[in-house]
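J.: Okay, handing you the structure first.
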Amino acid sequence: MQLALIIDLNKCVGCHACATNCKSWNTGGEFGPLTDIEPYGEKPLGVWFNRVQTYEVGEYPNTQVINFPKSCMHCRNAPCVEVCPTGASYKREEDGIVLVNYKDCIGCKYCSWACPYGTREFDFHEGVMKKCTLCIDRIYNENLPEEERRPACVLACPTRARIFGDIDDPETEASKAIMEKHGHKLLPEAGTDPSNHYLPQRKVKIELDEDELYMKPMAIVTIETKLTSYKEQILDDFVSP
Amino acid sequence: MHPEISLILLLVLSGIGQGIFIILALIDMILSASSGMSDATIYAGTIASLAFISTGMAASIFHLGNPQRGWKAIIKWNRSWLSREAVSIGLFAGSAFLYLTVHYLGMSVSLKILFGLAGIVSAFLLYISSSMLYAKIRFIREWSNIYTVLNFIVFGITGGGAVLYAIVNILQPDFPYISMLNSVLIALGLLSLILKLFAYRFNETFYMPLTLKHALFINDRNIKLMSTGTSYDNYNTIEYSYPLSERQIIMQQTVVIVFAFVIPILLWLAASKGVFATALSVVAAISMTAGLLLERRLFFVQGNHIQNLYYSNFRRNKGTNPLLSKAKKGTPVPL
């Protein structure tokens, strides 16, 4: 089993809701706090597990905006785990989540150098390295209702651009999204085999044959009949009391 | 990468401490029969070595977020080079201390040779592990090359030799092999100079194919960062990059070359004539230490992490695709 996040760049609108909900949950969660230094000052500096960057692609006037959320990739071949001198960084065998044991972390920052994605963040206040936990304190939390046992970022996303699931199981929504929407990894050259996937921006097109234009799609027919029946009932009520 | 003063001090000072011990122990073991070094020189050299290494270790504590559990760094010695560094720094400091003790107590020569060899071996282990720590980070091409390892070893031994030469000049100017030490130092200095020039040349010319296009997996030449998502810096912009223009880097490289290598070599050449040898050797040692501190700082500053692609802080060097440059000369490009 390898849990992962699938991020649909086609749907992401760059609202930062994933990042803020992540911070909100995790700063009070088991892996918190996500310390802020000078949060209301001129130079706010803080720990975030997830950051959204915005890029402009193409040349004016043919430009596109890409909002790019990036958090720990939970690599299968995690270089950060290999280099940790204390064994504080580890990859869980049962679900593939990469975690840091704060009690063993000495704060040498070596793991953050070894990560090609820059997704580990050092907590200058507590002196330990912090990173995305895939909300491990949510997904196995039996105090939460079943539908809320998902990472905070996934729950917050208003456009449902984030999918959470096991990418080893081909039947999950996550695996299907990777297969059907051409999910790709980040920096495959790095040889880290990241688990998080990104679904590329793409133009959504519907291809219709000419005869399909003259057919009334079933869905519209059903809605229309429903509407008329509803309307008649209401009218009946008013017209013949 | 952000040049952290504690790491710079650790690397340079412990490197010099190891270098002093390696040269001192070699001289003492080889020439012990032929009444080589005076006791004062051996004490001063070993104590200087221990002082350098303990200053380095003390400085490294300030790098750690939680130094109170820093001892845990030795746990994963079979996996992490940082852990191996921690183990070998302990082994080296222990061996050097025992060497000093055995010499002070006048115990048997074989015991002294044992600890001397242990010190030399652990010093080399420490050089290798502390350089492999950097060379193993394959996402920083400026670090991940053979020059890192060679430079750490050769610069450390040369710096240690410079300090030891000053000590010998102060305490035992009539040391019979002082001219040999001088010529060895000049040779080591020249070797360091050549290695450093090669390393700077490598940093300028290696081919780095990755761009923001590859980092984002979007096939377009024009990708611009519009927003980092934060109003101020964050850990990724602070830790992985350091604002230094290309001109400043070239200027600092020149300063490094002059202070760490050229001035000491010239001073050693002058000292070989025997006039003002003490003063010259002390100035050479100070100049070399200062130069090496700047060299190690520049080593960090020049380290350019792949992560910087996402923040558009990635410094492009002048390297060209080796396949394309071959194709220009008319040879077929292997596919």
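Simple scheme: letters A, B, ... for chains in structure tokens order, numbers from 1 for residues in each chain, numbers from 1 for ligands in the order shown.
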Please determine the contact residues of chain A with respect to chain B at a cut-off of 7 Å, counting only C-alpha atoms, and supply them as a PyMOL selection string.

T.: chain A and resi 43-45+51-59+82-87+106-108+114+116-118+121-122+127-128+186-187

J.: As a CSV table (one decimal) with N, CA, C and O atoms, in the first residue's frame, please: every residue in region 44-231 of chain A that a backbone DSSP assignment puts in strand (DSSP E or B).

T.:
chain,number,residue,atom,x,y,z
A,45,LEU,N,7.6,34.4,8.9
A,45,LEU,CA,8.4,33.2,8.5
A,45,LEU,C,7.8,32.0,9.3
A,45,LEU,O,7.6,32.1,10.5
A,46,GLY,N,7.4,31.0,8.6
A,46,GLY,CA,6.7,29.9,9.3
A,46,GLY,C,6.9,28.6,8.6
A,46,GLY,O,7.3,28.5,7.5
A,50,ASN,N,2.6,22.5,3.1
A,50,ASN,CA,2.1,22.5,1.7
A,50,ASN,C,2.2,24.0,1.3
A,50,ASN,O,1.7,24.9,2.0
A,51,ARG,N,2.8,24.2,0.1
A,51,ARG,CA,2.8,25.6,-0.4
A,51,ARG,C,2.3,25.6,-1.8
A,51,ARG,O,2.5,24.6,-2.6
A,52,VAL,N,1.7,26.7,-2.2
A,52,VAL,CA,1.2,26.8,-3.6
A,52,VAL,C,1.9,27.9,-4.3
A,52,VAL,O,2.0,29.0,-3.8
A,53,GLN,N,2.5,27.5,-5.4
A,53,GLN,CA,3.2,28.5,-6.2
A,53,GLN,C,2.5,28.8,-7.5
A,53,GLN,O,1.8,27.9,-7.9
A,54,THR,N,2.7,29.9,-8.1
A,54,THR,CA,1.9,30.2,-9.3
A,54,THR,C,2.9,30.6,-10.4
A,54,THR,O,3.9,31.3,-10.2
A,55,TYR,N,2.7,29.9,-11.5
A,55,TYR,CA,3.6,30.2,-12.7
A,55,TYR,C,2.8,30.6,-13.9
A,55,TYR,O,1.6,30.3,-14.0
A,56,GLU,N,3.4,31.4,-14.7
A,56,GLU,CA,2.8,31.8,-16.0
A,56,GLU,C,3.5,31.0,-17.1
A,56,GLU,O,4.8,31.0,-17.2
A,57,VAL,N,2.8,30.3,-17.9
A,57,VAL,CA,3.3,29.5,-19.0
A,57,VAL,C,3.0,30.1,-20.3
A,57,VAL,O,1.8,30.5,-20.5
A,64,GLN,N,-1.0,30.9,-20.0
A,64,GLN,CA,-1.8,30.1,-19.1
A,64,GLN,C,-1.2,30.3,-17.7
A,64,GLN,O,0.0,30.5,-17.5
A,65,VAL,N,-2.1,30.2,-16.7
A,65,VAL,CA,-1.6,30.3,-15.3
A,65,VAL,C,-1.6,28.9,-14.7
A,65,VAL,O,-2.6,28.2,-14.9
A,66,ILE,N,-0.5,28.5,-14.1
A,66,ILE,CA,-0.5,27.2,-13.5
A,66,ILE,C,-0.3,27.4,-12.0
A,66,ILE,O,0.7,28.0,-11.6
A,67,ASN,N,-1.3,26.9,-11.2
A,67,ASN,CA,-1.1,27.0,-9.7
A,67,ASN,C,-0.6,25.6,-9.3
A,67,ASN,O,-1.1,24.6,-9.7
A,68,PHE,N,0.5,25.7,-8.5
A,68,PHE,CA,1.3,24.4,-8.3
A,68,PHE,C,1.4,24.1,-6.8
A,68,PHE,O,2.4,24.6,-6.2
A,69,PRO,N,0.5,23.4,-6.3
A,69,PRO,CA,0.7,23.0,-4.8
A,69,PRO,C,1.7,21.9,-4.7
A,69,PRO,O,1.8,21.0,-5.6
A,70,LYS,N,2.6,22.1,-3.7
A,70,LYS,CA,3.7,21.1,-3.6
A,70,LYS,C,3.8,20.8,-2.1
A,70,LYS,O,4.0,21.6,-1.3
A,71,SER,N,3.7,19.5,-1.8
A,71,SER,CA,4.0,19.0,-0.5
A,71,SER,C,4.8,17.7,-0.6
A,71,SER,O,5.2,17.3,-1.7
A,89,SER,N,14.0,10.1,10.6
A,89,SER,CA,13.1,10.1,9.4
A,89,SER,C,13.0,8.6,9.0
A,89,SER,O,13.9,7.9,8.9
A,90,TYR,N,11.7,8.3,8.8
A,90,TYR,CA,11.5,6.9,8.4
A,90,TYR,C,10.3,6.8,7.5
A,90,TYR,O,9.5,7.7,7.4
A,91,LYS,N,10.3,5.7,6.7
A,91,LYS,CA,9.1,5.4,5.8
A,91,LYS,C,8.4,4.3,6.4
A,91,LYS,O,8.9,3.2,6.6
A,98,VAL,N,6.1,8.9,4.7
A,98,VAL,CA,7.4,9.2,5.3
A,98,VAL,C,7.2,10.2,6.5
A,98,VAL,O,6.5,11.2,6.3
A,99,LEU,N,7.7,9.9,7.6
A,99,LEU,CA,7.5,10.6,8.8
A,99,LEU,C,8.8,11.0,9.5
A,99,LEU,O,9.8,10.4,9.2
A,100,VAL,N,8.7,12.0,10.4
A,100,VAL,CA,9.8,12.4,11.2
A,100,VAL,C,9.4,12.1,12.7
A,100,VAL,O,8.4,12.6,13.1
A,121,GLU,N,10.6,21.3,5.9
A,121,GLU,CA,10.8,22.6,6.4
A,121,GLU,C,11.3,22.6,7.9
A,121,GLU,O,10.7,21.8,8.7
A,122,PHE,N,12.3,23.4,8.1
A,122,PHE,CA,12.9,23.3,9.5
A,122,PHE,C,12.1,24.3,10.4
A,122,PHE,O,11.8,25.4,10.0
A,123,ASP,N,11.8,23.8,11.6
A,123,ASP,CA,11.2,24.6,12.6
A,123,ASP,C,12.3,25.3,13.4
A,123,ASP,O,12.9,24.6,14.2
A,128,VAL,N,13.5,21.2,15.0
A,128,VAL,CA,13.4,19.9,14.4
A,128,VAL,C,12.8,20.1,12.9
A,128,VAL,O,12.3,21.1,12.6
A,129,MET,N,13.0,19.1,12.1
A,129,MET,CA,12.6,19.1,10.7
A,129,MET,C,11.1,18.7,10.7
A,129,MET,O,10.8,17.7,11.3
A,130,LYS,N,10.3,19.4,10.0
A,130,LYS,CA,8.9,19.0,9.9
A,130,LYS,C,8.5,18.9,8.4
A,130,LYS,O,9.1,19.4,7.5
A,162,ARG,N,-7.8,17.7,-5.6
A,162,ARG,CA,-6.9,16.8,-4.9
A,162,ARG,C,-7.6,15.5,-4.6
A,162,ARG,O,-8.7,15.5,-4.1
A,163,ILE,N,-6.9,14.4,-5.0
A,163,ILE,CA,-7.5,13.1,-4.7
A,163,ILE,C,-6.5,12.4,-3.8
A,163,ILE,O,-5.3,12.5,-4.0
A,164,PHE,N,-7.1,11.7,-2.8
A,164,PHE,CA,-6.2,11.0,-1.9
A,164,PHE,C,-6.5,9.5,-2.0
A,164,PHE,O,-7.7,9.1,-2.1
A,165,GLY,N,-5.5,8.7,-2.0
A,165,GLY,CA,-5.8,7.2,-2.1
A,165,GLY,C,-4.5,6.4,-2.2
A,165,GLY,O,-3.4,6.9,-2.3
A,166,ASP,N,-4.8,5.1,-2.3
A,166,ASP,CA,-3.7,4.1,-2.4
A,166,ASP,C,-3.4,4.0,-3.9
A,166,ASP,O,-4.2,3.6,-4.7
A,184,HIS,N,1.5,12.3,-13.9
A,184,HIS,CA,3.0,12.2,-14.0
A,184,HIS,C,3.6,12.5,-12.6
A,184,HIS,O,3.0,13.1,-11.7
A,197,HIS,N,1.3,12.3,-7.5
A,197,HIS,CA,1.2,12.5,-8.9
A,197,HIS,C,0.5,13.8,-9.2
A,197,HIS,O,-0.3,14.3,-8.4
A,198,TYR,N,0.8,14.4,-10.4
A,198,TYR,CA,0.1,15.6,-10.9
A,198,TYR,C,-0.6,15.2,-12.2
A,198,TYR,O,0.0,14.6,-13.0
A,199,LEU,N,-1.8,15.7,-12.3
A,199,LEU,CA,-2.5,15.5,-13.5
A,199,LEU,C,-2.4,16.8,-14.3
A,199,LEU,O,-2.6,17.9,-13.8

J.: Skipping near chain neighbours, those fewer than 6 positions away, what residues fall within 12 Å of Tyr43 (chain B) using only C-alpha atoms, listed as a PyMOL selection string?

T.: chain B and resi 20-21+24-25+28+37+49-51+96-97+99-105+164+167-168+171

J.: Write out the residues from the selection above, keeping N, CA and C atoms, as a short mmCIF file (atom, residue, chain, number, x, y, z; two decimals), in the first residue's frame.

T.:
data_model
loop_
_atom_site.label_atom_id
_atom_site.label_comp_id
_atom_site.auth_asym_id
_atom_site.auth_seq_id
_atom_site.Cartn_x
_atom_site.Cartn_y
_atom_site.Cartn_z
N ILE B 20 47.19 18.58 10.97
CA ILE B 20 48.33 18.70 11.90
C ILE B 20 48.70 17.32 12.43
N PHE B 21 47.68 16.58 12.87
CA PHE B 21 47.98 15.29 13.48
C PHE B 21 48.58 14.32 12.48
N LEU B 24 52.20 15.39 11.83
CA LEU B 24 52.99 15.24 13.05
C LEU B 24 53.23 13.76 13.37
N ALA B 25 52.17 12.97 13.31
CA ALA B 25 52.30 11.56 13.66
C ALA B 25 53.20 10.84 12.66
N ASP B 28 56.75 11.93 13.43
CA ASP B 28 57.17 11.39 14.72
C ASP B 28 57.40 9.88 14.64
N MET B 37 61.65 15.09 16.36
CA MET B 37 60.99 16.24 16.96
C MET B 37 61.26 16.32 18.44
N SER B 49 46.25 20.39 17.49
CA SER B 49 45.32 19.56 16.73
C SER B 49 44.02 19.34 17.51
N LEU B 50 44.19 19.00 18.81
CA LEU B 50 43.00 18.78 19.64
C LEU B 50 42.20 20.06 19.80
N ALA B 51 42.91 21.20 19.93
CA ALA B 51 42.21 22.48 20.09
C ALA B 51 41.40 22.80 18.84
N ALA B 96 43.86 10.95 19.08
CA ALA B 96 44.84 12.03 19.24
C ALA B 96 45.10 12.26 20.73
N PHE B 97 44.04 12.20 21.53
CA PHE B 97 44.21 12.42 22.97
C PHE B 97 45.05 11.30 23.59
N TYR B 99 47.22 9.44 22.05
CA TYR B 99 48.58 9.60 21.54
C TYR B 99 49.36 10.57 22.42
N LEU B 100 48.69 11.68 22.74
CA LEU B 100 49.31 12.69 23.60
C LEU B 100 49.60 12.11 24.99
N THR B 101 48.63 11.38 25.52
CA THR B 101 48.79 10.81 26.86
C THR B 101 49.94 9.82 26.89
N VAL B 102 49.98 8.93 25.88
CA VAL B 102 51.03 7.92 25.83
C VAL B 102 52.40 8.59 25.73
N HIS B 103 52.47 9.65 24.94
CA HIS B 103 53.75 10.35 24.80
C HIS B 103 54.13 11.04 26.11
N TYR B 104 53.15 11.60 26.79
CA TYR B 104 53.40 12.31 28.05
C TYR B 104 53.88 11.34 29.12
N LEU B 105 53.23 10.17 29.18
CA LEU B 105 53.58 9.20 30.22
C LEU B 105 54.83 8.42 29.84
N LEU B 164 51.39 23.39 11.52
CA LEU B 164 52.49 22.63 12.14
C LEU B 164 53.85 23.25 11.80
N ILE B 167 54.40 26.08 14.02
CA ILE B 167 54.73 25.62 15.38
C ILE B 167 56.19 25.18 15.44
N VAL B 168 56.59 24.40 14.43
CA VAL B 168 57.98 23.91 14.41
C VAL B 168 58.95 25.09 14.32
N LEU B 171 59.02 26.75 17.90
CA LEU B 171 59.54 25.99 19.03
C LEU B 171 60.86 25.29 18.74
#

J.: Can you pull out the residues contacting Glu180 (chain A)? Cut-off 12 Å, using only C-alpha atoms, and skip same-chain residues under 3 positions away; I want them as a ChimeraX atom specification.

T.: /A:8,170,173-177,183-184,199-200

J.: Mind checking which residues fall within 10 Å of Ala93 (chain B), counting only C-alpha atoms, ignoring those fewer than 4 positions away in the same chain, and posting them as a PDB file with C-alpha atoms, in the first residue's frame?

T.:
ATOM      1  CA  SER B  14      38.589  20.087  12.129  1.00  0.00           C
ATOM      2  CA  GLY B  17      43.327  19.705  13.198  1.00  0.00           C
ATOM      3  CA  GLN B  18      43.384  16.389  11.337  1.00  0.00           C
ATOM      4  CA  SER B  49      45.316  19.560  16.727  1.00  0.00           C
ATOM      5  CA  LEU B  50      43.000  18.777  19.639  1.00  0.00           C
ATOM      6  CA  ALA B  51      42.213  22.475  20.091  1.00  0.00           C
ATOM      7  CA  ILE B  53      39.133  19.760  16.374  1.00  0.00           C
ATOM      8  CA  SER B  54      37.348  20.634  19.608  1.00  0.00           C
ATOM      9  CA  MET B  57      33.075  20.288  17.278  1.00  0.00           C
ATOM     10  CA  SER B  88      35.011   9.208  13.035  1.00  0.00           C
ATOM     11  CA  ILE B  89      35.324  12.641  14.660  1.00  0.00           C
ATOM     12  CA  PHE B  97      44.206  12.420  22.969  1.00  0.00           C
ATOM     13  CA  LEU B  98      45.540   8.917  23.724  1.00  0.00           C
ATOM     14  CA  TYR B  99      48.580   9.599  21.538  1.00  0.00           C
ATOM     15  CA  GLY B 119      44.643   8.691  14.578  1.00  0.00           C
ATOM     16  CA  SER B 122      40.430   7.937  11.635  1.00  0.00           C
ATOM     17  CA  ALA B 123      41.533  11.343  10.343  1.00  0.00           C
TER      18      ALA B 123
END

J.: Between B:Leu188, B:Leu269, B:Ala166, B:Ile257, which one has atoms that come closest to Val282 (chain B), using only C-alpha atoms?

T.: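 Nearest to Val282 (chain B): B:Ala166.
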
J.: Could you write out, as a list in words, all the residues of region 47-199 of chain A that DSSP marks as alpha helix (DSSP H)?

T.: Pro79, Cys80, Val81, Glu82, Val83, Tyr110, Cys111, Ser112, Trp113, Ala114, Ile136, Asp137, Arg138, Ile139, Ala152, Cys153, Val154, Leu155, Ala156, Glu173, Ala174, Ser175, Lys176, Ala177, Ile178, Met179 and Glu180 of chain A

J.: Could you list, as a PyMOL selection string, every residue within 7 Å of region 18-25 of chain A, counting only C-alpha atoms and ignoring same-chain residues fewer than 6 positions away?

T.: chain A and resi 34+48+50-51+152-154+156-157

J.: Take the residues that were just selected and, keeping all heavy atoms, output them as a tab-separated table (two decimals), in the first residue's frame.

T.:
chain	number	residue	atom	x	y	z
A	34	LEU	N	3.04	24.14	13.91
A	34	LEU	CA	3.79	24.66	12.77
A	34	LEU	C	4.15	26.10	13.12
A	34	LEU	O	3.39	27.03	12.83
A	34	LEU	CB	2.98	24.61	11.49
A	34	LEU	CG	2.35	23.26	11.13
A	34	LEU	CD1	1.83	23.29	9.71
A	34	LEU	CD2	3.35	22.15	11.26
A	48	TRP	N	5.25	25.48	6.85
A	48	TRP	CA	4.06	25.04	6.11
A	48	TRP	C	4.38	23.68	5.52
A	48	TRP	O	5.47	23.47	5.01
A	48	TRP	CB	3.72	26.01	4.98
A	48	TRP	CG	3.27	27.37	5.42
A	48	TRP	CD1	4.05	28.34	5.97
A	48	TRP	CD2	1.95	27.90	5.37
A	48	TRP	NE1	3.29	29.44	6.26
A	48	TRP	CE2	2.00	29.21	5.90
A	48	TRP	CE3	0.72	27.39	4.92
A	48	TRP	CZ2	0.86	30.01	5.99
A	48	TRP	CZ3	-0.40	28.21	5.00
A	48	TRP	CH2	-0.33	29.50	5.54
A	50	ASN	N	2.58	22.48	3.07
A	50	ASN	CA	2.10	22.52	1.70
A	50	ASN	C	2.18	23.97	1.25
A	50	ASN	O	1.75	24.85	1.97
A	50	ASN	CB	0.65	22.01	1.70
A	50	ASN	CG	0.06	21.94	0.32
A	50	ASN	OD1	0.78	21.99	-0.67
A	50	ASN	ND2	-1.25	21.84	0.24
A	51	ARG	N	2.77	24.19	0.10
A	51	ARG	CA	2.83	25.56	-0.40
A	51	ARG	C	2.32	25.59	-1.83
A	51	ARG	O	2.53	24.63	-2.59
A	51	ARG	CB	4.27	26.08	-0.36
A	51	ARG	CG	4.78	26.34	1.04
A	51	ARG	CD	6.18	26.92	0.99
A	51	ARG	NE	6.75	27.05	2.32
A	51	ARG	CZ	6.59	28.11	3.10
A	51	ARG	NH1	5.86	29.11	2.69
A	51	ARG	NH2	7.14	28.17	4.30
A	152	ALA	N	-6.39	16.98	5.41
A	152	ALA	CA	-7.08	18.26	5.52
A	152	ALA	C	-7.10	19.02	4.19
A	152	ALA	O	-8.09	19.67	3.86
A	152	ALA	CB	-6.40	19.11	6.59
A	153	CYS	N	-6.01	18.91	3.41
A	153	CYS	CA	-5.95	19.63	2.14
A	153	CYS	C	-7.01	19.12	1.17
A	153	CYS	O	-7.61	19.88	0.42
A	153	CYS	CB	-4.56	19.50	1.53
A	153	CYS	SG	-3.99	17.82	1.35
A	154	VAL	N	-7.23	17.79	1.20
A	154	VAL	CA	-8.20	17.19	0.28
A	154	VAL	C	-9.60	17.64	0.64
A	154	VAL	O	-10.43	17.98	-0.23
A	154	VAL	CB	-8.09	15.65	0.33
A	154	VAL	CG1	-9.13	15.00	-0.54
A	154	VAL	CG2	-6.71	15.21	-0.08
A	156	ALA	N	-10.41	20.39	2.09
A	156	ALA	CA	-10.62	21.83	1.91
A	156	ALA	C	-10.78	22.22	0.45
A	156	ALA	O	-11.36	23.25	0.16
A	156	ALA	CB	-9.45	22.59	2.51
A	157	CYS	N	-10.26	21.41	-0.47
A	157	CYS	CA	-10.18	21.86	-1.86
A	157	CYS	C	-11.58	22.10	-2.44
A	157	CYS	O	-12.39	21.18	-2.55
A	157	CYS	CB	-9.45	20.83	-2.72
A	157	CYS	SG	-9.21	21.43	-4.38
